[in-house]
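First up is the structure itself, then whatever we jot down about it.
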Amino acid sequence: MVGLEYEIIRRIKKYAEDNNVPIMQDAGMDFLTTFLIKNKIRSVLEIGTAIGYSAIMMALTNPYIKITSVERDEKRYLEALRNIKELHLDDRITLIFKDALDLKLGEKFDLIFLDAAKAQNINFFHSFSRNLNSNGFIITDNLEFHGLVEKDEKEIKSRNVRALVRKIKEYIHFLEQNVEYETIFYKIGDGLSVSQLKK
Ligand code: SAH
Ligand code: MG
């Protein structure tokens with residue numbers, strides 16, 4: 001990463017912090033970029049752009065990698081567009097302003113990165129696995145949800161948060177029981193999983 005890029009990324013991270021935009025934690029981001037490099041990933045479909053931080057970090061791992069990313073929040077989508085233009089990555093990062101639940105794509109990708117509404121992960125997994133190359137990966141973020149997934153449910157005061165945690169547990173169970181995909185769970189960042197079609 002060169003100096004100017006570094007400055008812009010620092011500004012994006014600051015914006016996220018000031019505006020409560022839940023971008024990936026550093027440890028998770030490092031894991032993901034290293035994974036992309038190690039596995040020679042050339043195309044990524046990201047569900048949940050926010051302001052473009054993770055898409056940008058992924059794009060910067062390699063000058064040939066292409067990212068398609070979807071976001072349903074207009075303000076975030078516009079901010080992401082701006083950030084991506086500023087880094088001149090608009091030729092390699094394609095943003096789609098849409099609810100991912102309504103999105104149908106014909107293309108195939110080496111990696112699908114699920115980082116949107118946590119309660120929808122099973123739906124996203126079903127819906128986008130048809131866009132995965134046969135040797136590709138599905139990576140999911142926030143499986144620990146700030147440590148709440150491991151916590152005793154009775155300790156979680158908010159009903160909404162409790163419902164969300166239950167959904168994340170259901171998703172983990174879905175991955176563990178999946179006969180088609182092999183999944184490895186990583187206690188890195190906010191908790192990540194890597195799923196790959198069984199041979
Ligand atoms: N990947 C980003 C962070 C994404 S935060 C990064 O690390 O930089 C999750 C984002 O998913 C939010 O901005 C939210 O608006 C978006 N989102 C949630 N549900 C969605 C849906 N159904 N379709 C599209 N975007 C969604
Ligand atoms: Mg996340």
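Labeling convention for the structure tokens: chains A, B, ... as they appear, residues from 1 per chain, ligands from 1 in order of appearance.
For ligand 2, the neighbouring protein, DNA and RNA residues, which are those within 8 Å when only C-alpha atoms and all ligand atoms are counted, are Pro22, Ile23, Met24, Gln25, Asp115, Ala116, Asp141, Asn142 and Asp190 of chain A.
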- Query: Could you pull the residues within 10 Å of stretch 58-62 of chain A, counting only C-alpha atoms, minus those fewer than 6 positions along the same chain, as an NGL selection string?
  - Reply: :A and (1 or 5 or 29-30 or 32-37 or 40-44 or 52 or 84 or 87 or 89 or 92-93)
- Note on the structure: ligand 1 proximity check over A:Thr94, A:Thr49, A:Asn83, A:Asn131, using only C-alpha atoms and all ligand atoms: winner is A:Thr49
- Message: Just list as a ChimeraX atom specification whatever in chain A DSSP marks as alpha helix (DSSP H).
- Response: /A:3-18,26-38,53-59,74-86,121-128,159-177
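Taking only C-alpha atoms and all ligand atoms into account, the protein and nucleic acid residues that come at most 7 Å from ligand 1 are Val21, Pro22, Ile23, Met24, Ile47, Gly48, Thr49, Ala50, Ile51, Gly52, Tyr53, Ser54, Ala55, Val70, Glu71, Arg72, Asp73, Arg76, Lys98, Asp99, Ala100, Leu101, Asp115, Ala116 and Ala117 of chain A.
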